[in-house]
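Asks: Handing you a structure now.
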Amino acid sequence: MAPGPHADAWTGAAVRKLSGDFSNQDCIDCHAPQPIFVTGIGNRVLPRMARRPEGVDCIACHAMPDGRVAGTYSDEKPACRPAEAPDLSRPEFCSGCHNQHLTVDQWKDSSWAERRITCLDCHMPYRDGTQSSGRDHSMHGGLSLDMLKMAVELTGARSTEADGGNGWVVTLDNVGAGHKFPTDDRSRAADLFWRPLSEPDGPWRHLHRFRSPYRYETDVPDTLLDVDSKESFAIVDQGTGAPVDAPIEVVLYYKRSPFYRDMSNPEQDTWPTDPSVDPYESEIPRDAVLVHRIVLGGADDAK
Amino acid sequence: MRSESTTRRLAALLLALPLAACGEEKTAAPLPPPTLRAVVEETRAGIAADAPAEPEPLSQEALDRLPDLLEFVATSKGDLAKAGRQDLLGLGEGVIAKLHDVALDQAETDAHRSAALATLGDGPSGRAAAALNDVLTQGREPWLRSTAAWYLGEIEDESWVPDAVLHLKYEVDGEVVQYLAQAIDKRGFVAGLPALLVLSTTAADEEQRGAAYALAQKMADERGYATPEELDRAWRAGEVEPPPTTDGLRASIWHWISRLAEWQLRGVDDARYVLVCMGRSAAPMLGEALYDTDPYVRLHTAQVLERMGGRGRPAAKALVDHLRTPDVAPQAAVALGSVGGPSAGPALEAALAPDQRPELRLGAARGLALLADPATLETLRSEFTRERDAWPELAQAVAEARLACGDAGDAVTFATACLDRDGLDPASSGLALEAWVARRAELEEPGFADLLEAWNAIGAKRGPQFDESAMWKERKELLGSSAAVRSAKPLGAP
């Protein structure tokens, strides 16, 4: 089983490539942090000097300044004898790293915060649903296809007469992420593509991109899908601008680094199914995953 | 007469006494950590007291005259245009904001937008420079940003330089980069040179590559260096005298130092970049900032000095001081090795001693690797022997420091083993070994040119079925089987 993103924070192939083997030292603060209880809850993390290959290790979250080990409840049985530290479960605990791109603030402004559904409820669920078995520490998020599928719902329907046509309208609804989609990193992107069902091998048409731009991309708007929100997009012929009412297929891809070699062929940049193929071989990594696919108007019409 | 080695050991001992945190055998009480105070806040408060008041908004009469004057500037040339620009600026300081808005307004004609930028270029105050810098941030069209950079260079005041340097980090248009580097050079700063050198080799357009190199060559000629590469090396080593630091530049540098305290890392990243590029002009102030009460300012200041290398030497004394400040000491040690100077070696040898805190020892070893001073080899060999089995992570850092000093033997063997050892970072040993092999190849030692070629060929193999760990394993085997490595002696050995 591949290590989770915290364990992989220093050694993972993606971060090694994107940081130039950490020659970009700006990445070190969050990828090898000092213990959060030492720098302070809600404070920004600071980089540590030792054990960097361990990434965001046990100590980063559980070591307390007085030498004790923090846990969500006290327990004398394990060798580390965790002491209850309620701060460990607060979203502010994660914010030193994960609010660098405002993810925790997005959550605070959401219905999820009102309902007290916190970071841990989704990203560290109880292993068997009960507190006694502890929480899953694999830290699932954008690297988990299951989590991605649950985060957003892709639907399509005929536009209404009030909309002035009979073409397709595609909607992406942020139903399951307690923050914007995608979030936490400008290198993440989610893209909607469509193509006529009559062209099963034809080029994809890019419909919309959900992404926060890098700073140098001054002409790229921030298009993250807000929490508790949905956005709809009319399918139109890119040549004539006319509504498309013929059967189509629509896909949502999520990409860990934001660029595609060819926007009409996102499939070639999907994660290789052959484990011996290095997804980072090419300058633009093959790190896209297909999250949703729907067919509108065809035999297997999803809606 | 004492030998150099004895002198160094005495110096190390003297430094070790205050550095010692504990230990029953110590007779002298360690010096306390240096006193901290709100350096950045106090310094900036003094600067803010001198800052000019916010300008009054333009009167209605001035607003009514502005379009005609702008049209006049846009349609005139030479002295007439200059007179028009002076008339525009005479409307009041509030005109700066209006000209900024015109420049960014895509509904305006290009001629009006250019006229607005040209007028800002004649602006007497830092506000005009701030407006032009903002156009460089927000302007969508490359021609607009190039023009803004050009007129920025016309403003005879150094205070805008750090803000302009930041654009070198984000600008994606090669022509704008050239104008920026040229503008920064006009004020006597070399900070744009690295970007020009990158452009001269990576720009898609051959003409742009040539133009970038020609501009870099001009910068070298003006400073008495034969090539841009020589100027670049000297600048990075801190050998190029910066222009005098004006009050405006000082205020700007303190502004950027204050940003090291920001919560969002984006601002911190920008500040680190700008301050590193400002080099020797910023180093004395960074030395002061190390005494700030804010741990984020202290740590990030030390990081800036590490990245600055020899340009940060004016802050070396402060770094030695902060080897006694627990939270910043490990990073200060790395930075001290990078900036160098006569006190660096003895101070770092003392910080590497076994009675120091573990993180400081690790920082000291990494600092000694950056210092690469063969005079520290005796200490390094001794600590390597002590730690090779007890603390592999420290032994790895010490072995890499020995390689940097030209040592060979068990340092090479150990660093080679680190290429494939759980819990250790293969990349740092890989870089150290690569530099060691390259240096020997450069010295034309038998077998090393071929070894370097084979090493690089393995690196180029990345692809299917050859991930990073496979690369390190193959390089490990290469070094292990190399007769040249086995026969290598410390540099300078008979």
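Chain labels follow the order of the structure tokens: the first chain is A, the next B, and so on; residue numbering restarts at 1 in every chain, and ligands are counted from 1 in their shown order.
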Residues of chain A within 7 Å of chain B: nearest atom pair and distance (Å, one decimal) for each, counting only C-alpha atoms, sorted by chain and number, as CSV?

Replies:
residue,atom,partner,partner_atom,distance
A:Asp21,CA,B:Ala427,CA,6.9
A:Asp26,CA,B:Asp269,CA,6.3
A:Arg44,CA,B:Trp263,CA,6.0
A:Met49,CA,B:Glu359,CA,6.1
A:Ala50,CA,B:Glu359,CA,6.3
A:Pro53,CA,B:Asp425,CA,5.8
A:Glu54,CA,B:Gly423,CA,6.8
A:Gln100,CA,B:Gln264,CA,5.6
A:Arg215,CA,B:Tyr170,CA,6.9
A:Tyr216,CA,B:Tyr170,CA,4.8
A:Thr218,CA,B:Arg140,CA,6.4
A:Asp219,CA,B:Arg140,CA,6.2
A:Ser276,CA,B:Gln465,CA,4.8
A:Val277,CA,B:Pro464,CA,4.2
A:Asp278,CA,B:Pro464,CA,4.7
A:Glu281,CA,B:Gly463,CA,4.6

Asks: Within 8 Å of range 98-101 of chain B, counting only C-alpha atoms, which residues qualify if same-chain residues fewer than 3 places away don't, as a ChimeraX atom specification?

Replies: /B:94-95,104-105,116-117,119-120,131-132,135

Asks: Can you list, as a list in words, every protein, DNA or RNA residue that comes within 8 Å of range 375-389 of chain B when you count only C-alpha atoms, leaving out same-chain residues fewer than 3 positions away?

Replies: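 Those residues are Ser5, Gly345, Pro346, Glu349, Leu352, Ala353, Leu368, Pro392, Leu394, Ala395, Gln396, Val398, Ala399, Ala401, Arg402, Cys405 and Asp407 of chain B.
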
Asks: With a distance cut-off of 9 Å and only C-alpha atoms, select the neighbouring residues of range 264-269 of chain A, excluding the residue or stretch itself and same-chain residues fewer than 2 positions from it, and output the selection as a list in words.

Replies: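 Listing them by chain and then by number gives Phe193, Gly202, Pro203, Trp204, Arg205, His206, Tyr253, Lys255, Tyr260, Arg261, Asp262, Trp271, Pro272, Pro279, Ile284, Pro285, Arg286, Asp287, Ala288, Val289 and Leu290 of chain A.
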
Asks: Please save N, CA and C atoms of the selected residues as a compact mmCIF listing (two decimals), in the first residue's frame.

Replies:
# COMPACT_ATOMS: atom_id res chain seq x y z
N PHE A 193 -14.87 18.27 -19.70
CA PHE A 193 -14.74 18.12 -21.16
C PHE A 193 -16.01 17.44 -21.68
N GLY A 202 -13.20 10.88 -31.04
CA GLY A 202 -12.91 12.23 -31.50
C GLY A 202 -12.31 13.10 -30.41
N PRO A 203 -11.94 14.32 -30.77
CA PRO A 203 -11.33 15.23 -29.78
C PRO A 203 -12.34 15.69 -28.74
N TRP A 204 -11.84 15.90 -27.52
CA TRP A 204 -12.68 16.44 -26.45
C TRP A 204 -12.75 17.96 -26.58
N ARG A 205 -13.90 18.52 -26.19
CA ARG A 205 -14.04 19.97 -26.14
C ARG A 205 -13.94 20.38 -24.66
N HIS A 206 -13.08 21.35 -24.41
CA HIS A 206 -12.94 21.80 -23.03
C HIS A 206 -14.10 22.70 -22.67
N TYR A 253 -12.23 15.57 -15.12
CA TYR A 253 -10.90 15.10 -14.77
C TYR A 253 -10.35 15.96 -13.63
N LYS A 255 -6.65 16.94 -11.91
CA LYS A 255 -5.22 16.81 -12.23
C LYS A 255 -4.38 17.42 -11.11
N TYR A 260 -2.21 20.23 -19.21
CA TYR A 260 -2.32 19.06 -20.09
C TYR A 260 -1.45 19.30 -21.32
N ARG A 261 -0.98 18.21 -21.89
CA ARG A 261 -0.22 18.37 -23.14
C ARG A 261 -1.14 18.83 -24.26
N ASP A 262 -2.37 18.34 -24.25
CA ASP A 262 -3.30 18.65 -25.32
C ASP A 262 -4.70 18.65 -24.71
N TRP A 271 -3.36 8.92 -15.17
CA TRP A 271 -2.40 8.13 -14.38
C TRP A 271 -2.21 6.76 -15.05
N PRO A 272 -0.98 6.31 -15.29
CA PRO A 272 -0.78 5.04 -16.00
C PRO A 272 -1.34 3.85 -15.21
N PRO A 279 4.76 8.07 -14.14
CA PRO A 279 3.87 9.17 -14.54
C PRO A 279 4.61 10.50 -14.67
N ILE A 284 5.22 17.31 -18.64
CA ILE A 284 3.89 17.46 -18.05
C ILE A 284 3.47 16.10 -17.53
N PRO A 285 3.39 15.95 -16.21
CA PRO A 285 3.16 14.61 -15.65
C PRO A 285 1.81 14.01 -16.07
N ARG A 286 1.78 12.69 -16.07
CA ARG A 286 0.53 11.96 -16.34
C ARG A 286 -0.17 11.73 -15.00
N ASP A 287 -0.74 12.79 -14.46
CA ASP A 287 -1.31 12.69 -13.12
C ASP A 287 -2.77 13.11 -13.08
N ALA A 288 -3.47 12.94 -14.19
CA ALA A 288 -4.92 13.23 -14.21
C ALA A 288 -5.68 11.95 -13.87
N VAL A 289 -6.82 12.14 -13.19
CA VAL A 289 -7.70 10.99 -12.94
C VAL A 289 -9.11 11.34 -13.39
N LEU A 290 -9.79 10.35 -13.95
CA LEU A 290 -11.19 10.53 -14.37
C LEU A 290 -12.06 10.38 -13.14

Asks: Quick one: residues within 12 Å of Ala38 in chain B, only C-alpha atoms, excluding same-chain residues fewer than 4 positions away - as JSON, numbers by chain?

Replies: {"B": [42, 43, 44, 45, 258, 261, 288, 289, 290, 291, 292, 293, 294, 295, 297, 298]}

Asks: List every residue of range 124-232 of chain A that DSSP, applied to the backbone of this structure, assigns to strand (DSSP E), and report them as JSON, numbers by chain.

Replies: {"A": [152, 153, 154, 155, 156, 157, 158, 168, 169, 170, 171, 172, 173, 174, 189, 190, 191, 192, 193, 194, 195, 196, 205, 206, 207, 208, 209, 210, 230, 231, 232]}

Asks: Go ahead and write the residues just picked, N, CA and C atoms, as a compact mmCIF listing (two decimals), in the first residue's frame.

Replies:
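Saved to part_21.txt:
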# COMPACT_ATOMS: atom_id res chain seq x y z
N VAL A 152 -17.89 15.91 -5.46
CA VAL A 152 -18.73 16.65 -6.41
C VAL A 152 -19.62 15.70 -7.18
N GLU A 153 -20.75 16.24 -7.59
CA GLU A 153 -21.72 15.46 -8.36
C GLU A 153 -21.86 16.12 -9.73
N LEU A 154 -21.76 15.30 -10.76
CA LEU A 154 -21.87 15.82 -12.13
C LEU A 154 -23.20 15.36 -12.72
N THR A 155 -24.00 16.32 -13.16
CA THR A 155 -25.30 15.99 -13.75
C THR A 155 -25.48 16.79 -15.03
N GLY A 156 -26.44 16.37 -15.82
CA GLY A 156 -26.76 17.10 -17.04
C GLY A 156 -28.25 17.04 -17.30
N ALA A 157 -28.77 18.01 -18.00
CA ALA A 157 -30.19 18.05 -18.31
C ALA A 157 -30.41 18.93 -19.53
N ARG A 158 -31.59 18.79 -20.13
CA ARG A 158 -31.95 19.71 -21.21
C ARG A 158 -32.17 21.10 -20.62
N TRP A 168 -27.97 20.95 -24.10
CA TRP A 168 -27.62 20.35 -22.81
C TRP A 168 -27.03 21.38 -21.88
N VAL A 169 -27.33 21.22 -20.63
CA VAL A 169 -26.70 22.02 -19.58
C VAL A 169 -26.09 21.05 -18.57
N VAL A 170 -24.82 21.27 -18.29
CA VAL A 170 -24.09 20.38 -17.38
C VAL A 170 -23.86 21.12 -16.07
N THR A 171 -24.04 20.43 -14.97
CA THR A 171 -23.90 21.05 -13.65
C THR A 171 -22.91 20.26 -12.79
N LEU A 172 -22.01 20.99 -12.17
CA LEU A 172 -21.14 20.37 -11.17
C LEU A 172 -21.52 20.94 -9.81
N ASP A 173 -21.85 20.06 -8.90
CA ASP A 173 -22.36 20.46 -7.60
C ASP A 173 -21.37 20.02 -6.51
N ASN A 174 -20.94 20.98 -5.71
CA ASN A 174 -20.02 20.67 -4.62
C ASN A 174 -20.84 20.12 -3.45
N ALA A 189 -6.14 21.08 -10.48
CA ALA A 189 -7.16 21.59 -11.41
C ALA A 189 -8.20 20.52 -11.64
N ALA A 190 -9.44 20.96 -11.82
CA ALA A 190 -10.51 20.05 -12.24
C ALA A 190 -11.09 20.62 -13.53
N ASP A 191 -11.27 19.76 -14.51
CA ASP A 191 -11.71 20.23 -15.83
C ASP A 191 -12.89 19.40 -16.33
N LEU A 192 -13.84 20.11 -16.92
CA LEU A 192 -14.96 19.45 -17.59
C LEU A 192 -14.69 19.43 -19.10
N PHE A 193 -14.87 18.27 -19.70
CA PHE A 193 -14.74 18.12 -21.16
C PHE A 193 -16.01 17.44 -21.68
N TRP A 194 -16.33 17.67 -22.94
CA TRP A 194 -17.45 16.94 -23.55
C TRP A 194 -17.09 16.63 -25.00
N ARG A 195 -17.83 15.66 -25.56
CA ARG A 195 -17.74 15.40 -27.00
C ARG A 195 -19.00 14.66 -27.45
N PRO A 196 -19.34 14.80 -28.73
CA PRO A 196 -20.54 14.11 -29.22
C PRO A 196 -20.38 12.60 -29.07
N ARG A 205 -13.90 18.52 -26.19
CA ARG A 205 -14.04 19.97 -26.14
C ARG A 205 -13.94 20.38 -24.66
N HIS A 206 -13.08 21.35 -24.41
CA HIS A 206 -12.94 21.80 -23.03
C HIS A 206 -14.10 22.70 -22.67
N LEU A 207 -14.76 22.39 -21.56
CA LEU A 207 -15.94 23.14 -21.17
C LEU A 207 -15.65 24.15 -20.07
N HIS A 208 -14.96 23.73 -19.03
CA HIS A 208 -14.69 24.65 -17.92
C HIS A 208 -13.55 24.11 -17.08
N ARG A 209 -12.80 25.04 -16.49
CA ARG A 209 -11.71 24.68 -15.59
C ARG A 209 -11.97 25.27 -14.21
N PHE A 210 -11.82 24.45 -13.17
CA PHE A 210 -11.93 24.91 -11.79
C PHE A 210 -10.52 24.94 -11.21
N LYS A 230 -23.05 25.18 -6.68
CA LYS A 230 -22.95 24.45 -7.93
C LYS A 230 -22.88 25.45 -9.07
N GLU A 231 -22.31 24.99 -10.17
CA GLU A 231 -22.22 25.84 -11.35
C GLU A 231 -22.69 25.04 -12.56
N SER A 232 -23.41 25.74 -13.46
CA SER A 232 -23.94 25.08 -14.65
C SER A 232 -23.34 25.70 -15.91

Asks: So which residues touch Gly241 in chain A within 12 Å, counting only C-alpha atoms, skipping near sequence neighbours fewer than 6 positions away, as a ChimeraX atom specification?

Replies: /A:167,234-235

Asks: Name the residues of range 378-441 of chain B that fall into helix (DSSP H, G or I) according to DSSP on the backbone, using the chain letters and numbers of this document, as an MDAnalysis selection string.

Replies: chainID B and resid 378:387 392:404 410:420 426:441

Asks: Would you save the residues of that selection, restricted to C-alpha atoms, as a JSON list (two decimals), in the first residue's frame?

Replies:
[["chain", "number", "residue", "atom", "x", "y", "z"],
["B", 378, "GLU", "CA", 40.08, 17.25, 11.37],
["B", 379, "THR", "CA", 36.91, 18.01, 13.33],
["B", 380, "LEU", "CA", 34.71, 16.51, 10.65],
["B", 381, "ARG", "CA", 36.66, 13.23, 10.57],
["B", 382, "SER", "CA", 36.54, 12.99, 14.33],
["B", 383, "GLU", "CA", 32.76, 13.58, 14.50],
["B", 384, "PHE", "CA", 32.20, 11.18, 11.63],
["B", 385, "THR", "CA", 34.01, 8.43, 13.50],
["B", 386, "ARG", "CA", 31.95, 9.17, 16.60],
["B", 387, "GLU", "CA", 28.56, 9.24, 14.87],
["B", 392, "PRO", "CA", 23.38, 8.01, 10.69],
["B", 393, "GLU", "CA", 21.61, 11.26, 9.78],
["B", 394, "LEU", "CA", 24.37, 13.35, 11.35],
["B", 395, "ALA", "CA", 27.05, 11.06, 9.95],
["B", 396, "GLN", "CA", 25.54, 11.56, 6.52],
["B", 397, "ALA", "CA", 25.70, 15.35, 6.86],
["B", 398, "VAL", "CA", 29.27, 15.16, 8.16],
["B", 399, "ALA", "CA", 30.29, 12.82, 5.32],
["B", 400, "GLU", "CA", 28.83, 15.27, 2.83],
["B", 401, "ALA", "CA", 30.77, 18.10, 4.50],
["B", 402, "ARG", "CA", 33.96, 16.03, 4.16],
["B", 403, "LEU", "CA", 33.24, 15.49, 0.46],
["B", 404, "ALA", "CA", 32.74, 19.24, 0.04],
["B", 410, "ASP", "CA", 35.19, 6.32, 4.18],
["B", 411, "ALA", "CA", 33.30, 9.59, 3.60],
["B", 412, "VAL", "CA", 32.70, 8.51, 0.01],
["B", 413, "THR", "CA", 31.79, 4.97, 1.04],
["B", 414, "PHE", "CA", 29.33, 6.19, 3.64],
["B", 415, "ALA", "CA", 27.73, 8.84, 1.41],
["B", 416, "THR", "CA", 27.41, 6.21, -1.32],
["B", 417, "ALA", "CA", 25.60, 3.89, 1.09],
["B", 418, "CYS", "CA", 23.24, 6.78, 1.93],
["B", 419, "LEU", "CA", 21.95, 6.70, -1.65],
["B", 420, "ASP", "CA", 19.90, 3.65, -0.71],
["B", 426, "PRO", "CA", 19.43, 10.19, -1.05],
["B", 427, "ALA", "CA", 19.24, 13.50, -2.91],
["B", 428, "SER", "CA", 21.54, 15.38, -0.54],
["B", 429, "SER", "CA", 24.23, 12.69, -0.67],
["B", 430, "GLY", "CA", 23.70, 12.42, -4.42],
["B", 431, "LEU", "CA", 24.38, 16.11, -4.87],
["B", 432, "ALA", "CA", 27.45, 15.97, -2.63],
["B", 433, "LEU", "CA", 28.88, 12.97, -4.48],
["B", 434, "GLU", "CA", 28.15, 14.52, -7.86],
["B", 435, "ALA", "CA", 29.98, 17.71, -6.89],
["B", 436, "TRP", "CA", 32.88, 15.62, -5.56],
["B", 437, "VAL", "CA", 33.15, 13.59, -8.77],
["B", 438, "ALA", "CA", 32.79, 16.70, -10.94],
["B", 439, "ARG", "CA", 35.54, 18.49, -9.07],
["B", 440, "ARG", "CA", 37.93, 15.61, -9.56],
["B", 441, "ALA", "CA", 37.00, 15.35, -13.20]]
